[in-house]
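Asks: File upload.cif follows (mmCIF, C-alpha atoms):
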```
data_protein
#
loop_
_atom_site.group_PDB
_atom_site.id
_atom_site.type_symbol
_atom_site.label_atom_id
_atom_site.label_comp_id
_atom_site.auth_asym_id
_atom_site.auth_seq_id
_atom_site.Cartn_x
_atom_site.Cartn_y
_atom_site.Cartn_z
ATOM 1 C CA MET A 1 0.105 -33.642 93.324
ATOM 2 C CA GLN A 2 1.745 -34.661 90.067
ATOM 3 C CA HIS A 3 0.043 -31.816 88.306
ATOM 4 C CA LYS A 4 1.389 -29.348 90.859
ATOM 5 C CA CYS A 5 4.906 -30.748 90.381
ATOM 6 C CA LYS A 6 4.588 -30.303 86.653
ATOM 7 C CA THR A 7 3.588 -26.678 86.976
ATOM 8 C CA ILE A 8 6.489 -26.009 89.351
ATOM 9 C CA ILE A 9 8.938 -27.633 86.930
ATOM 10 C CA ALA A 10 7.425 -25.662 84.093
ATOM 11 C CA LYS A 11 7.743 -22.451 86.088
ATOM 12 C CA LEU A 12 11.362 -23.221 86.991
ATOM 13 C CA GLY A 13 12.092 -24.039 83.360
ATOM 14 C CA PHE A 14 10.555 -20.752 82.286
ATOM 15 C CA LEU A 15 12.592 -18.893 84.911
ATOM 16 C CA PHE A 16 15.775 -20.593 83.715
ATOM 17 C CA LEU A 17 14.973 -19.710 80.127
ATOM 18 C CA MET A 18 14.337 -16.066 81.049
ATOM 19 C CA MET A 19 17.576 -15.931 83.018
ATOM 20 C CA THR A 20 19.658 -17.312 80.170
ATOM 21 C CA LEU A 21 17.935 -14.962 77.781
ATOM 22 C CA GLY A 22 18.652 -12.070 80.108
ATOM 23 C CA LEU A 23 22.248 -13.149 80.453
ATOM 24 C CA THR A 24 22.862 -13.420 76.705
ATOM 25 C CA ASN A 25 21.171 -10.068 76.339
ATOM 26 C CA ALA A 26 23.492 -8.570 78.948
ATOM 27 C CA LEU A 27 26.486 -10.176 77.237
ATOM 28 C CA ALA A 28 25.395 -8.765 73.920
ATOM 29 C CA GLN A 29 25.231 -5.322 75.471
ATOM 30 C CA GLN A 30 28.691 -5.692 76.906
ATOM 31 C CA GLU A 31 30.169 -6.156 73.460
ATOM 32 C CA PRO A 32 32.332 -3.053 73.183
ATOM 33 C CA VAL A 33 31.309 -0.377 70.725
ATOM 34 C CA GLU A 34 34.281 1.497 69.389
ATOM 35 C CA MET A 35 34.362 5.121 70.403
ATOM 36 C CA ALA A 36 37.113 7.724 70.237
ATOM 37 C CA ASP A 37 38.191 6.896 73.784
ATOM 38 C CA VAL A 38 41.908 7.244 73.031
ATOM 39 C CA MET A 39 41.364 10.695 71.617
ATOM 40 C CA ARG A 40 39.405 11.636 74.710
ATOM 41 C CA GLY A 41 41.904 9.903 77.001
ATOM 42 C CA ASN A 42 44.961 11.846 75.851
ATOM 43 C CA GLY A 43 43.035 15.076 75.644
ATOM 44 C CA LYS A 44 43.497 15.687 71.927
ATOM 45 C CA ILE A 45 39.738 16.158 71.547
ATOM 46 C CA TYR A 46 40.197 19.589 73.136
ATOM 47 C CA ALA A 47 42.165 20.609 70.073
ATOM 48 C CA VAL A 48 39.135 19.791 67.912
ATOM 49 C CA VAL A 49 36.847 21.771 70.203
ATOM 50 C CA ALA A 50 39.294 24.702 70.139
ATOM 51 C CA VAL A 51 39.499 24.676 66.337
ATOM 52 C CA CYS A 52 35.716 24.616 65.977
ATOM 53 C CA LEU A 53 35.321 27.393 68.533
ATOM 54 C CA ILE A 54 37.851 29.557 66.677
ATOM 55 C CA ILE A 55 35.886 29.053 63.454
ATOM 56 C CA LEU A 56 32.666 29.894 65.292
ATOM 57 C CA PHE A 57 34.178 33.055 66.778
ATOM 58 C CA GLY A 58 35.515 34.069 63.384
ATOM 59 C CA LEU A 59 32.130 33.518 61.777
ATOM 60 C CA PHE A 60 30.332 35.477 64.490
ATOM 61 C CA PHE A 61 32.892 38.273 64.336
ATOM 62 C CA TYR A 62 32.307 38.567 60.599
ATOM 63 C CA VAL A 63 28.510 38.637 60.915
ATOM 64 C CA PHE A 64 28.901 41.080 63.791
ATOM 65 C CA THR A 65 30.938 43.573 61.743
ATOM 66 C CA LEU A 66 28.506 43.175 58.846
ATOM 67 C CA ASP A 67 25.646 44.006 61.200
ATOM 68 C CA ARG A 68 27.474 47.092 62.462
ATOM 69 C CA LYS A 69 28.259 48.232 58.929
ATOM 70 C CA ILE A 70 24.623 47.901 57.873
ATOM 71 C CA SER A 71 23.560 49.813 60.988
ATOM 72 C CA LYS A 72 25.911 52.622 59.977
ATOM 73 C CA TRP A 73 24.447 52.718 56.456
ATOM 74 C CA GLU A 74 20.975 52.792 57.902
ATOM 75 C CA LYS A 75 21.884 55.812 60.020
ATOM 76 C CA GLU A 76 23.428 57.592 57.050
ATOM 77 C CA ASN A 77 20.366 56.893 54.923
ATOM 78 C CA LYS A 78 17.858 58.199 57.414
ATOM 79 C CA MET B 79 23.853 46.617 66.369
ATOM 80 C CA ARG B 80 20.142 46.314 66.762
ATOM 81 C CA LYS B 81 18.382 44.237 69.445
ATOM 82 C CA SER B 82 21.574 42.429 70.229
ATOM 83 C CA TRP B 83 20.560 40.175 73.156
ATOM 84 C CA TRP B 84 19.404 37.261 71.014
ATOM 85 C CA LYS B 85 22.481 37.528 68.823
ATOM 86 C CA ILE B 86 24.645 37.081 71.905
ATOM 87 C CA LEU B 87 22.353 34.228 72.970
ATOM 88 C CA ALA B 88 22.972 32.567 69.598
ATOM 89 C CA LEU B 89 26.730 32.800 70.133
ATOM 90 C CA LEU B 90 26.491 31.404 73.674
ATOM 91 C CA LEU B 91 24.231 28.527 72.595
ATOM 92 C CA LEU B 92 26.591 27.601 69.765
ATOM 93 C CA ILE B 93 29.639 27.721 72.051
ATOM 94 C CA TYR B 94 27.707 25.351 74.331
ATOM 95 C CA THR B 95 26.759 23.155 71.368
ATOM 96 C CA ILE B 96 30.328 22.725 70.176
ATOM 97 C CA THR B 97 31.860 22.241 73.627
ATOM 98 C CA ALA B 98 29.213 19.944 75.086
ATOM 99 C CA GLY B 99 28.570 18.334 71.716
ATOM 100 C CA PHE B 100 32.156 17.142 71.395
ATOM 101 C CA LEU B 101 32.980 16.458 75.014
ATOM 102 C CA TRP B 102 29.905 15.047 76.724
ATOM 103 C CA GLU B 103 29.036 11.395 76.932
ATOM 104 C CA VAL B 104 26.841 10.060 74.143
ATOM 105 C CA PRO B 105 25.191 6.648 73.842
ATOM 106 C CA ARG B 106 27.567 3.971 72.563
ATOM 107 C CA LEU B 107 25.892 2.515 69.513
ATOM 108 C CA PRO B 108 27.296 0.230 66.830
ATOM 109 C CA ILE B 109 27.605 1.621 63.270
ATOM 110 C CA LEU B 110 27.061 5.186 64.521
ATOM 111 C CA ASN B 111 29.948 5.243 67.031
ATOM 112 C CA GLU B 112 31.150 8.822 67.550
ATOM 113 C CA THR B 113 29.317 10.075 64.484
ATOM 114 C CA ILE B 114 26.187 10.239 66.634
ATOM 115 C CA ARG B 115 27.442 13.727 67.521
ATOM 116 C CA ASN B 116 26.553 14.820 64.003
ATOM 117 C CA LEU B 117 23.017 15.081 65.345
ATOM 118 C CA TYR B 118 23.946 18.428 66.915
ATOM 119 C CA PHE B 119 24.968 19.818 63.540
ATOM 120 C CA HIS B 120 23.366 17.936 60.651
ATOM 121 C CA VAL B 121 19.844 17.678 62.093
ATOM 122 C CA CYS B 122 19.971 21.310 63.266
ATOM 123 C CA MET B 123 20.514 22.419 59.656
ATOM 124 C CA TRP B 124 17.240 20.751 58.642
ATOM 125 C CA PHE B 125 15.388 22.159 61.632
ATOM 126 C CA GLY B 126 16.721 25.596 60.794
ATOM 127 C CA MET B 127 15.749 25.169 57.156
ATOM 128 C CA MET B 128 12.223 24.168 58.094
ATOM 129 C CA ILE B 129 11.841 27.179 60.404
ATOM 130 C CA MET B 130 13.223 29.563 57.743
ATOM 131 C CA PHE B 131 10.802 28.160 55.153
ATOM 132 C CA ILE B 132 7.869 28.474 57.564
ATOM 133 C CA ILE B 133 8.713 32.159 58.140
ATOM 134 C CA SER B 134 9.108 32.676 54.390
ATOM 135 C CA PHE B 135 5.753 30.986 53.770
ATOM 136 C CA VAL B 136 4.025 33.216 56.336
ATOM 137 C CA TYR B 137 5.456 36.363 54.733
ATOM 138 C CA SER B 138 4.368 35.203 51.280
ATOM 139 C CA ILE B 139 0.798 34.862 52.535
ATOM 140 C CA LYS B 140 1.115 38.244 54.220
ATOM 141 C CA TYR B 141 2.308 39.736 50.943
ATOM 142 C CA LEU B 142 -0.684 38.356 49.054
ATOM 143 C CA ALA B 143 -2.995 39.683 51.767
ATOM 144 C CA SER B 144 -1.487 43.154 52.089
ATOM 145 C CA ASN B 145 0.501 43.799 48.875
ATOM 146 C CA LYS B 146 3.247 45.388 50.969
ATOM 147 C CA TYR B 147 6.554 45.079 49.159
ATOM 148 C CA VAL B 148 8.459 44.672 52.444
ATOM 149 C CA HIS B 149 6.813 41.287 52.958
ATOM 150 C CA ASP B 150 8.190 40.107 49.630
ATOM 151 C CA ILE B 151 11.703 41.088 50.734
ATOM 152 C CA TYR B 152 11.210 39.154 53.982
ATOM 153 C CA ALA B 153 9.904 36.066 52.188
ATOM 154 C CA ARG B 154 12.793 36.055 49.740
ATOM 155 C CA SER B 155 15.505 36.555 52.369
ATOM 156 C CA TYR B 156 14.209 33.810 54.658
ATOM 157 C CA ALA B 157 13.813 31.439 51.702
ATOM 158 C CA SER B 158 17.402 32.048 50.620
ATOM 159 C CA VAL B 159 18.840 31.408 54.101
ATOM 160 C CA GLY B 160 16.613 28.314 54.347
ATOM 161 C CA THR B 161 17.974 27.034 51.047
ATOM 162 C CA VAL B 162 21.560 27.526 52.235
ATOM 163 C CA LEU B 163 20.752 25.533 55.391
ATOM 164 C CA GLY B 164 19.141 22.837 53.253
ATOM 165 C CA ILE B 165 22.247 22.533 51.073
ATOM 166 C CA LEU B 166 24.401 22.326 54.205
ATOM 167 C CA GLY B 167 22.059 19.669 55.629
ATOM 168 C CA TYR B 168 22.252 17.661 52.420
ATOM 169 C CA ALA B 169 26.043 17.932 52.189
ATOM 170 C CA THR B 170 26.574 16.965 55.837
ATOM 171 C CA GLY B 171 24.118 14.083 55.406
ATOM 172 C CA ALA B 172 26.031 12.806 52.375
ATOM 173 C CA MET B 173 29.212 12.965 54.434
ATOM 174 C CA TRP B 174 27.586 11.059 57.306
ATOM 175 C CA VAL B 175 26.277 8.414 54.900
ATOM 176 C CA THR B 176 29.768 7.506 53.700
ATOM 177 C CA VAL B 177 30.826 6.307 57.160
ATOM 178 C CA THR B 178 27.576 4.739 58.394
ATOM 179 C CA TRP B 179 25.240 3.418 55.702
ATOM 180 C CA MET B 180 27.895 2.605 53.123
ATOM 181 C CA PRO B 181 30.147 0.312 55.202
ATOM 182 C CA ASP B 182 27.152 -1.165 57.011
ATOM 183 C CA GLN B 183 25.187 -2.017 53.877
ATOM 184 C CA HIS B 184 28.265 -2.715 51.692
ATOM 185 C CA GLN B 185 27.005 -0.315 49.093
ATOM 186 C CA SER B 186 28.486 2.302 46.838
ATOM 187 C CA LEU B 187 27.820 5.992 47.415
ATOM 188 C CA GLY B 188 25.758 6.052 44.223
ATOM 189 C CA ALA B 189 23.481 3.297 45.528
ATOM 190 C CA VAL B 190 23.098 4.917 48.932
ATOM 191 C CA LEU B 191 22.289 8.328 47.451
ATOM 192 C CA LYS B 192 19.226 6.766 45.823
ATOM 193 C CA GLU B 193 17.630 6.734 49.281
ATOM 194 C CA PRO B 194 14.058 8.074 49.281
ATOM 195 C CA LYS B 195 14.927 10.553 52.025
ATOM 196 C CA LEU B 196 17.854 11.945 50.034
ATOM 197 C CA ILE B 197 15.906 12.097 46.775
ATOM 198 C CA GLY B 198 13.033 13.808 48.597
ATOM 199 C CA ALA B 199 15.378 16.363 50.123
ATOM 200 C CA ALA B 200 16.975 16.993 46.735
ATOM 201 C CA ILE B 201 13.552 17.530 45.149
ATOM 202 C CA ALA B 202 12.554 19.957 47.906
ATOM 203 C CA LEU B 203 15.756 21.954 47.436
ATOM 204 C CA LEU B 204 15.360 22.010 43.655
ATOM 205 C CA ILE B 205 11.817 23.336 44.035
ATOM 206 C CA TYR B 206 13.223 26.170 46.143
ATOM 207 C CA ALA B 207 16.019 26.703 43.605
ATOM 208 C CA ALA B 208 13.305 27.145 40.977
ATOM 209 C CA TYR B 209 11.786 29.839 43.214
ATOM 210 C CA PHE B 210 14.897 31.965 42.784
ATOM 211 C CA VAL B 211 15.060 31.262 39.053
ATOM 212 C CA LEU B 212 11.423 32.312 38.795
ATOM 213 C CA ARG B 213 12.094 35.502 40.747
ATOM 214 C CA SER B 214 14.946 36.556 38.530
ATOM 215 C CA SER B 215 12.893 36.056 35.360
ATOM 216 C CA PHE B 216 10.638 39.036 36.106
ATOM 217 C CA THR B 217 11.413 42.638 35.369
ATOM 218 C CA ASP B 218 8.227 44.007 36.877
ATOM 219 C CA MET B 219 8.545 44.297 40.665
ATOM 220 C CA ASP B 220 4.884 43.831 41.548
ATOM 221 C CA LYS B 221 4.410 40.931 39.197
ATOM 222 C CA ARG B 222 7.565 39.280 40.516
ATOM 223 C CA ALA B 223 6.447 39.681 44.112
ATOM 224 C CA ARG B 224 2.957 38.347 43.439
ATOM 225 C CA VAL B 225 3.869 35.340 41.293
ATOM 226 C CA SER B 226 6.793 34.321 43.497
ATOM 227 C CA ALA B 227 4.613 34.592 46.617
ATOM 228 C CA VAL B 228 2.154 32.164 45.052
ATOM 229 C CA TYR B 229 5.001 29.880 43.970
ATOM 230 C CA ASN B 230 6.546 30.040 47.457
ATOM 231 C CA ILE B 231 3.311 28.731 48.960
ATOM 232 C CA PHE B 232 3.389 25.842 46.493
ATOM 233 C CA ALA B 233 7.060 25.166 47.268
ATOM 234 C CA PHE B 234 6.344 25.092 50.992
ATOM 235 C CA VAL B 235 3.445 22.682 50.559
ATOM 236 C CA MET B 236 5.663 20.438 48.415
ATOM 237 C CA LEU B 237 8.097 20.125 51.333
ATOM 238 C CA PHE B 238 5.636 17.888 53.158
ATOM 239 C CA PRO B 239 5.309 15.042 50.661
ATOM 240 C CA SER B 240 8.933 15.213 49.559
ATOM 241 C CA ILE B 241 10.741 15.283 52.885
ATOM 242 C CA TRP B 242 8.181 14.233 55.486
ATOM 243 C CA ILE B 243 5.612 11.849 54.015
ATOM 244 C CA ILE B 244 7.162 9.806 51.181
ATOM 245 C CA PRO B 245 10.382 8.822 53.049
ATOM 246 C CA ARG B 246 8.139 7.573 55.856
ATOM 247 C CA LEU B 247 5.994 5.480 53.522
ATOM 248 C CA VAL B 248 8.760 3.663 51.710
ATOM 249 C CA GLY B 249 11.693 1.878 53.258
ATOM 250 C CA SER B 250 14.737 3.982 53.989
ATOM 251 C CA LEU B 251 17.883 3.696 56.036
ATOM 252 C CA HIS B 252 17.265 7.130 57.462
ATOM 253 C CA PRO B 253 15.835 7.298 61.002
ATOM 254 C CA GLY B 254 12.126 7.996 61.005
ATOM 255 C CA SER B 255 11.224 5.560 58.243
ATOM 256 C CA PRO B 256 9.424 2.229 58.545
ATOM 257 C CA GLY B 257 11.723 -0.260 60.199
ATOM 258 C CA SER B 258 13.141 2.217 62.646
ATOM 259 C CA ASP B 259 9.598 2.321 64.120
ATOM 260 C CA SER B 260 9.496 5.969 65.045
ATOM 261 C CA GLY B 261 7.756 9.047 63.776
ATOM 262 C CA ASN B 262 10.196 11.900 64.022
ATOM 263 C CA PRO B 263 13.343 10.542 65.659
ATOM 264 C CA ALA B 264 14.499 14.010 66.699
ATOM 265 C CA LEU B 265 11.302 14.837 68.550
ATOM 266 C CA ASN B 266 10.415 11.349 69.781
ATOM 267 C CA LYS B 267 11.343 11.108 73.447
ATOM 268 C CA ASP B 268 11.832 7.333 73.245
ATOM 269 C CA ASP B 269 14.212 7.639 70.330
ATOM 270 C CA MET B 270 16.701 10.132 71.658
ATOM 271 C CA ASP B 271 18.737 9.728 74.778
ATOM 272 C CA ALA B 272 18.179 12.313 77.522
ATOM 273 C CA THR B 273 21.892 13.188 77.555
ATOM 274 C CA MET B 274 21.649 14.102 73.894
ATOM 275 C CA ARG B 275 18.456 16.114 74.197
ATOM 276 C CA VAL B 276 20.039 18.623 76.619
ATOM 277 C CA VAL B 277 22.531 19.500 73.895
ATOM 278 C CA PHE B 278 20.305 18.992 70.866
ATOM 279 C CA TYR B 279 17.492 21.429 71.713
ATOM 280 C CA PRO B 280 19.798 24.353 72.604
ATOM 281 C CA ALA B 281 21.734 23.525 69.415
ATOM 282 C CA VAL B 282 18.566 23.838 67.319
ATOM 283 C CA ILE B 283 17.771 27.208 68.923
ATOM 284 C CA GLY B 284 21.356 28.423 68.478
ATOM 285 C CA TRP B 285 21.642 27.517 64.793
ATOM 286 C CA THR B 286 18.162 28.902 64.108
ATOM 287 C CA LEU B 287 18.962 32.221 65.805
ATOM 288 C CA LEU B 288 22.164 32.522 63.759
ATOM 289 C CA SER B 289 20.154 31.863 60.580
ATOM 290 C CA VAL B 290 17.544 34.454 61.544
ATOM 291 C CA TRP B 291 20.342 36.946 62.190
ATOM 292 C CA ILE B 292 21.848 36.378 58.728
ATOM 293 C CA ALA B 293 18.378 36.655 57.196
ATOM 294 C CA THR B 294 17.743 39.993 58.939
ATOM 295 C CA LEU B 295 21.072 41.298 57.580
ATOM 296 C CA ARG B 296 19.939 40.398 54.073
ATOM 297 C CA ILE B 297 16.581 42.054 54.648
ATOM 298 C CA ARG B 298 18.204 45.242 55.890
ATOM 299 C CA ILE B 299 20.533 45.395 52.868
ATOM 300 C CA GLU B 300 17.574 44.867 50.531
ATOM 301 C CA LEU B 301 15.592 47.597 52.280
ATOM 302 C CA LEU B 302 18.529 49.979 51.948
ATOM 303 C CA LYS B 303 18.744 49.148 48.244
ATOM 304 C CA GLU B 304 15.032 49.841 47.793
ATOM 305 C CA LYS B 305 15.388 53.115 49.632
ATOM 306 C CA SER B 306 18.300 54.307 47.527
ATOM 307 C CA LEU B 307 16.363 53.357 44.388
ATOM 308 C CA LEU B 308 13.379 55.394 45.568
ATOM 309 C CA ASP B 309 15.612 58.325 46.493
ATOM 310 C CA ALA B 310 17.274 58.251 43.085
ATOM 311 C CA ALA B 311 13.942 58.218 41.279
#
```
Here is the file; what I need is its structure written in the form of structure tokens.

Replies:
Amino acid sequence: MQHKCKTIIAKLGFLFLMMTLGLTNALAQQEPVEMADVMRGNGKIYAVVAVCLIILFGLFFYVFTLDRKISKWEKENK
Amino acid sequence: MRKSWWKILALLLLIYTITAGFLWEVPRLPILNETIRNLYFHVCMWFGMMIMFIISFVYSIKYLASNKYVHDIYARSYASVGTVLGILGYATGAMWVTVTWMPDQHQSLGAVLKEPKLIGAAIALLIYAAYFVLRSSFTDMDKRARVSAVYNIFAFVMLFPSIWIIPRLVGSLHPGSPGSDSGNPALNKDDMDATMRVVFYPAVIGWTLLSVWIATLRIRIELLKEKSLLDAA
């Protein structure tokens, strides 16, 4: 009987330990990691996206015209 | 315009990369913070570089097998675009380092740039730089093509120890080294969040397609040059 009690206490102790561990783990995860939430909140991030997209379009436009020019040369050289 | 569908695909994928890459949720991690989004740009440069160098390597072997001068032009053009991507990858990595490794490890930029991964990448790029120096030192076209094809194979093989193996053997702050317990962090499904993978893989394809496009433009210019030389002769 005593032995059984001991195992139960041990099991409960283990459970308690796991729970506290889990809790501290959860608390550690809740520690806020700084992100650019303000920038996202007031919408200014869209300006960054717009700027990058303009650069991308410009770059593609340039490569596009280069491609067309080379195609023209290729036709002339046939 | 020739075979334009994949060029348009490249544009669409990169529009998606920039929009989703900046706006979508990413995992909140200490040290990295928002800079985790650099994955869509910095890592894609290295992927693109690797793909360009693989294509260049294949054409060098093809040149040695067939002696067709066109293959030499292909190998050179892909190697040059690959080198540009490598330089961009290195520069963006150095930028990323200043806001993550440096404050976290309380180190100077000089100390952080001694990282095995960075030194390995620098060595790999210098080996490819030597490829272009070697090319320009020949006056004989056939000799240049043959020797540089052989050198290109060596340069490609040297990529593996310098950027893949050695940084994984010695300690490094870069993901994918011992301590971060992962092989290739970009391809390891346990290492990258699912929300990031849906942007990352299209980003790799988009940047690679753009690089291939630029390489084909170079090839076509070189072919035109060759043709006008032959016509003049």

Asks: Using all atoms listed in the file, select each residue of chain A with any atom at most 8 Å away from an atom of chain B, and give the selection as a VMD selection string.

Replies: chain A and resid 33 to 36 45 49 52 to 53 56 60 63 to 64 66 to 68 70 to 71 73 to 74 77

Asks: Of the candidates B:Gly249, B:Ser144, B:Met180, B:Leu237, which one gets nearest to Ile205 (chain B) if we count all atoms listed in the file?

Replies: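 Nearest to Ile205 (chain B): B:Leu237.
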
Asks: Could you state the separation of CA of Met127 (chain B) and CA of Phe232 (chain B) in Å, given to one decimal place?

Replies: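 Computing it gives 16.3 Å between the two atoms.
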
Asks: Which residues, protein or nucleic acid, reach to within 9 Å of (11.0, 37.4, 42.2) in the file's coordinates when using all atoms listed in the file, and can you give that as a PyMOL selection string?

Replies: chain B and resi 150+154+209-227

Asks: Any chance you could work out the residue set of the PyMOL selection byres ((chain B and resi 137) around 10) here, as a list in words?

Replies: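 So the PyMOL selection byres ((chain B and resi 137) around 10) ends up selecting Phe131, Ile132, Ile133, Ser134, Phe135, Val136, Ser138, Ile139, Lys140, Tyr141, Leu142, Ala143, Val148, His149, Asp150, Ile151, Tyr152, Ala153, Arg154, Tyr156, Ala227, Asn230 and Ile231 of chain B.
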
Asks: By how many Å are CA of Val51 (chain A) and CA of Lys81 (chain B) apart?

Replies: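 Straight-line distance from CA of Val51 (chain A) to CA of Lys81 (chain B) works out to 29.0 Å.
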
Asks: Please, what distance in Å, to one decimal, runs between CA of Gly198 (chain B) and CA of Arg275 (chain B)?

Replies: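 Taking CA of Gly198 (chain B) as the start and CA of Arg275 (chain B) as the end point, the length is 26.3 Å.
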
Asks: Between B:Val175, B:Leu117, B:Ala169, B:Leu196, which is the closest to Met274 (chain B) once you count only C-alpha atoms?

Replies: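 Among the listed residues, the smallest separation from Met274 (chain B) belongs to B:Leu117.
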